[in-house]
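Notes follow the structure.
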Number of protein chains: 4
Amino acid sequence: MKKAPALAVTEWLNSEQSLSLVDLRGRVVLIEAFQMLCPGCVSHGLPQAMRVHQTFKHDDVQVIGLHTVFEHCEAQGTNAALKAFLHEYKISFPVAIDAPSAAGGIPKTMAAYQMQGTPTLILIDCNGYLRKQKFGMEQDLTLGAEIMALMRETDVFTDSPAEKKHTKKLGECDKHGCSL
Amino acid sequence: MKKAPALAVTEWLNSEQSLSLVDLRGRVVLIEAFQMLCPGCVSHGLPQAMRVHQTFKHDDVQVIGLHTVFEHCEAQGTNAALKAFLHEYKISFPVAIDAPSAAGGIPKTMAAYQMQGTPTLILIDCNGYLRKQKFGMEQDLTLGAEIMALMRETDVFTDSPAEKKHTKKLGECDKHGCSL
Amino acid sequence: MKKAPALAVTEWLNSEQSLSLVDLRGRVVLIEAFQMLCPGCVSHGLPQAMRVHQTFKHDDVQVIGLHTVFEHCEAQGTNAALKAFLHEYKISFPVAIDAPSAAGGIPKTMAAYQMQGTPTLILIDCNGYLRKQKFGMEQDLTLGAEIMALMRETDVFTDSPAEKKHTKKLGECDKHGCSL
Amino acid sequence: MKKAPALAVTEWLNSEQSLSLVDLRGRVVLIEAFQMLCPGCVSHGLPQAMRVHQTFKHDDVQVIGLHTVFEHCEAQGTNAALKAFLHEYKISFPVAIDAPSAAGGIPKTMAAYQMQGTPTLILIDCNGYLRKQKFGMEQDLTLGAEIMALMRETDVFTDSPAEKKHTKKLGECDKHGCSL
């Protein structure tokens, strides 16, 4: 397991403050990487992310949209376009705009995660480890089970009291009951 | 019955030349008025228009998309955005960009037809008469029947040989067999 | 074109009287051949037939279900089972039970039409000719167009006044306006 | 929490031996109560149960269909009909035929669970406790999470080593890793 790379974001929509993965320790984080003109994102990925957002308590599971524009940049690249899109599609979870790379290639977060395209579904556990990254579709039954598995993880990976203290947030993952 | 108002168009996409309703006499014309950020257009109206485009011969039925931007103008109003959208959603029928009104209100063709919003489905008969205009969804079974009813209309409205000559295009409507 | 074979029926459900194709001259007839334990019939064929039943005037289009039991005869072969099925699935058009063959093979009507299985969709024109027979799925757009094409057929095959009189029923097909 | 009532079954299909809830201790058990002529069972409940059967390891989650015939008894009540139905709908998990009540009312297991009708979804935890009973539809995302929550339960109710020994099966629930 490796730590999930930090998000490189130019602007947050649907959120008054910036979110960071470090601050989200103690919650399961689902990242839905999408582009507003990606049909599979519109028909499958984003509606599924909205279902997760509506099904689980936000203290247990934080859903984040990540707008990773790597094509049609002129069309998709403005915040106005994305805001209109989120409004029309009633997407209410926080959405991060992935920071463009200096070299003009794929944006920074997308590159850091080595994503293959959109939609990409990412699950990060309560300790900030990257636990799932899937390009394409995932069925709801599997996703629901995986999220709950991460919610119910105990600190099995911490085998010394010292380390336990160091990862104090870890225990919070269990603190929250099942939201269902 | 009234004649369908002419289209006021700034640019055509997916078509090498401009189309005019007058030149399309002899065919049934289906106009799908849409906006690229309208969820009902993306999930229902445009896929239905594509099914019509794929099911009927183009000499019998001409499908036209009409991009009628009346909101989120900054986001939807560029040709680059629309071109990217049509490419991603694999929409291959001709698409007209409705001409903006001078006063800055709803675009010209949309105003001429007094549309209520998007998606709006329009059927024009072989003689250029406006025969159906529906805001919202229409079921495929009904639409298929209505298109065929217009394809099979004979010149019942022309009761003199003189008039028949005058409306020479009218007969072409019958010339084409059922494409099915 | 050939005349549609007569129906061989042991019992009619959802109808107070027996129906015969000869008596239905002047209407388009849609026959949906099905078995109650055929998944494709339950999920596609029968719902489509119900949409036709609800969309068109019954004077224009007569929808008939034909229960053609050729497998699982013990399970599907009782009228009680079929009645319960029609009740639960809210199928309200007349349903004919295809007559078993003497030899114990496929039932008589199914054999007369040389059907390949269920669901099979059949269209018979206003003059009793078999115009379409399709094993499997048909899309609604195509079916709607085909039904209307048959509804709008004029007596093009009758070229003398004498013959016109002889085929008096034929004209009735046009008498009814489009139900849409 | 209460213990799930025992199943009263006249015959098992898709299973060489009878299953009992007691023998299934250590697994999560999903019971899908259905009738073969119940549209909601056919379109939603049974396909969902099949998805659970295909998604989770059978050592972790045991899916059981329970045919609870309480209406149309003549049509649905024969094993031949049910066998044909299971074959046609490709339902491969074990199916129990609920035992008719002596008084002729609703069958015995259905009565013991006080079910309101079909489909009814039941979840029983690794220790045999009834944890969920829902009449109607449940979304996949929620169901996946609930199943995993039960799979990940530790023996929190057993607080002494003695009791732990006594409920030896209980620990097996944790033994199996996540099947996903």
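In the structure tokens, chains take letters A, B, ... by order of appearance, with residues numbered from 1 within each chain and ligands from 1 in the order shown.
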
With a cut-off of 6 Å, could you pull out the residues of chain D touching chain C and give me the nearest pair of atoms for each, distance in Å to one decimal, using only C-alpha atoms, ordered by chain and ascending number, as CSV?
residue,atom,partner,partner_atom,distance
D:Leu37,CA,C:Phe85,CA,6.0
D:Ala75,CA,C:Ala81,CA,4.0
D:Ala80,CA,C:Ala75,CA,5.6
D:Ala81,CA,C:Ala75,CA,3.9
D:Phe85,CA,C:Leu37,CA,6.0

Would you return as number ranges by chain the members of range 19-157 of chain A that DSSP assigns to strand (DSSP E or B) on this structure's backbone? A: 28-34, 61-67, 95-98, 120-124, 129-135

Would you output that residue set with C-alpha atoms, as a CSV table (one decimal), in the first residue's frame?
chain,number,residue,atom,x,y,z
A,28,VAL,CA,-12.9,7.2,3.7
A,29,VAL,CA,-12.4,9.4,0.7
A,30,LEU,CA,-13.9,8.6,-2.7
A,31,ILE,CA,-12.5,10.6,-5.6
A,32,GLU,CA,-14.4,10.6,-8.8
A,33,ALA,CA,-12.1,11.9,-11.6
A,34,PHE,CA,-14.1,13.2,-14.5
A,61,VAL,CA,-17.2,9.1,3.6
A,62,GLN,CA,-16.0,12.2,1.8
A,63,VAL,CA,-16.9,12.3,-1.9
A,64,ILE,CA,-14.7,14.6,-4.0
A,65,GLY,CA,-15.1,15.2,-7.7
A,66,LEU,CA,-11.9,15.9,-9.5
A,67,HIS,CA,-12.1,17.7,-12.8
A,95,VAL,CA,-15.3,19.4,-6.8
A,96,ALA,CA,-11.6,20.2,-7.3
A,97,ILE,CA,-10.2,21.5,-10.5
A,98,ASP,CA,-7.0,19.6,-11.2
A,120,THR,CA,-11.6,7.0,-12.7
A,121,LEU,CA,-12.8,5.9,-9.3
A,122,ILE,CA,-10.4,6.2,-6.3
A,123,LEU,CA,-10.8,5.0,-2.7
A,124,ILE,CA,-8.5,6.2,0.0
A,129,TYR,CA,-3.6,5.0,1.8
A,130,LEU,CA,-4.6,4.5,-1.8
A,131,ARG,CA,-6.7,1.4,-1.7
A,132,LYS,CA,-8.5,1.3,-5.0
A,133,GLN,CA,-8.1,3.0,-8.4
A,134,LYS,CA,-10.3,1.9,-11.2
A,135,PHE,CA,-10.6,3.3,-14.7

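The gap separating CA of Ala149 in chain B from CA of Leu143 in chain C is 12.9 Å, in Å to one decimal.
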
Within 6 Å of range 106-118 of chain A, counting only C-alpha atoms, which residues show up once you throw out same-chain ones fewer than 6 positions away? Write them as a PyMOL selection string, please. chain A and resi 7-8+34+70+98-100

Store the residues of this selection in a file with N, CA, C and O atoms, as a PDB file, in the first residue's frame.
ATOM      1  N   LEU A   7      -3.576  16.178  -3.504  1.00  0.00           N
ATOM      2  CA  LEU A   7      -4.310  16.779  -4.612  1.00  0.00           C
ATOM      3  C   LEU A   7      -3.675  18.118  -4.974  1.00  0.00           C
ATOM      4  O   LEU A   7      -3.357  18.919  -4.091  1.00  0.00           O
ATOM      5  N   ALA A   8      -3.493  18.344  -6.268  1.00  0.00           N
ATOM      6  CA  ALA A   8      -3.001  19.649  -6.747  1.00  0.00           C
ATOM      7  C   ALA A   8      -4.180  20.353  -7.398  1.00  0.00           C
ATOM      8  O   ALA A   8      -4.644  19.931  -8.458  1.00  0.00           O
ATOM      9  N   PHE A  34     -13.207  13.117 -13.324  1.00  0.00           N
ATOM     10  CA  PHE A  34     -14.127  13.197 -14.467  1.00  0.00           C
ATOM     11  C   PHE A  34     -13.778  14.387 -15.349  1.00  0.00           C
ATOM     12  O   PHE A  34     -12.996  15.265 -14.966  1.00  0.00           O
ATOM     13  N   PHE A  70      -8.053  16.835 -19.739  1.00  0.00           N
ATOM     14  CA  PHE A  70      -6.858  16.493 -20.520  1.00  0.00           C
ATOM     15  C   PHE A  70      -7.133  16.509 -22.020  1.00  0.00           C
ATOM     16  O   PHE A  70      -6.290  16.154 -22.824  1.00  0.00           O
ATOM     17  N   ASP A  98      -8.416  20.117 -11.183  1.00  0.00           N
ATOM     18  CA  ASP A  98      -7.042  19.619 -11.189  1.00  0.00           C
ATOM     19  C   ASP A  98      -6.125  20.677 -11.810  1.00  0.00           C
ATOM     20  O   ASP A  98      -6.459  21.283 -12.830  1.00  0.00           O
ATOM     21  N   ALA A  99      -4.978  20.903 -11.180  1.00  0.00           N
ATOM     22  CA  ALA A  99      -4.055  21.942 -11.639  1.00  0.00           C
ATOM     23  C   ALA A  99      -3.389  21.555 -12.953  1.00  0.00           C
ATOM     24  O   ALA A  99      -2.885  20.433 -13.088  1.00  0.00           O
ATOM     25  N   PRO A 100      -3.394  22.460 -13.931  1.00  0.00           N
ATOM     26  CA  PRO A 100      -2.722  22.162 -15.206  1.00  0.00           C
ATOM     27  C   PRO A 100      -1.238  21.948 -14.967  1.00  0.00           C
ATOM     28  O   PRO A 100      -0.649  22.536 -14.060  1.00  0.00           O
TER      29      PRO A 100
END

Quick one: residues within 7 Å of Arg25 in chain B, only C-alpha atoms, excluding same-chain residues fewer than 3 positions away - as an MDAnalysis selection string? chainID B and resid 21:22 126:128 169

Written selection (C-alpha atoms) as a PDB file, in the first residue's frame:
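What ended up in part.pdb:
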ATOM      1  CA  LEU B  21     -36.185  24.239 -44.666  1.00  0.00           C
ATOM      2  CA  VAL B  22     -37.178  25.351 -48.174  1.00  0.00           C
ATOM      3  CA  CYS B 126     -42.764  17.409 -46.624  1.00  0.00           C
ATOM      4  CA  ASN B 127     -44.436  20.680 -47.526  1.00  0.00           C
ATOM      5  CA  GLY B 128     -42.778  22.725 -44.813  1.00  0.00           C
ATOM      6  CA  LYS B 169     -41.762  19.134 -54.519  1.00  0.00           C
TER       7      LYS B 169
END

Based on DSSP run over this structure's backbone, return all residues of range 27-175 of chain B in alpha helix (DSSP H), as a PyMOL selection string. chain B and resi 39-40+46-55+73-76+79-88+108-112+140-151+161-166+172-175
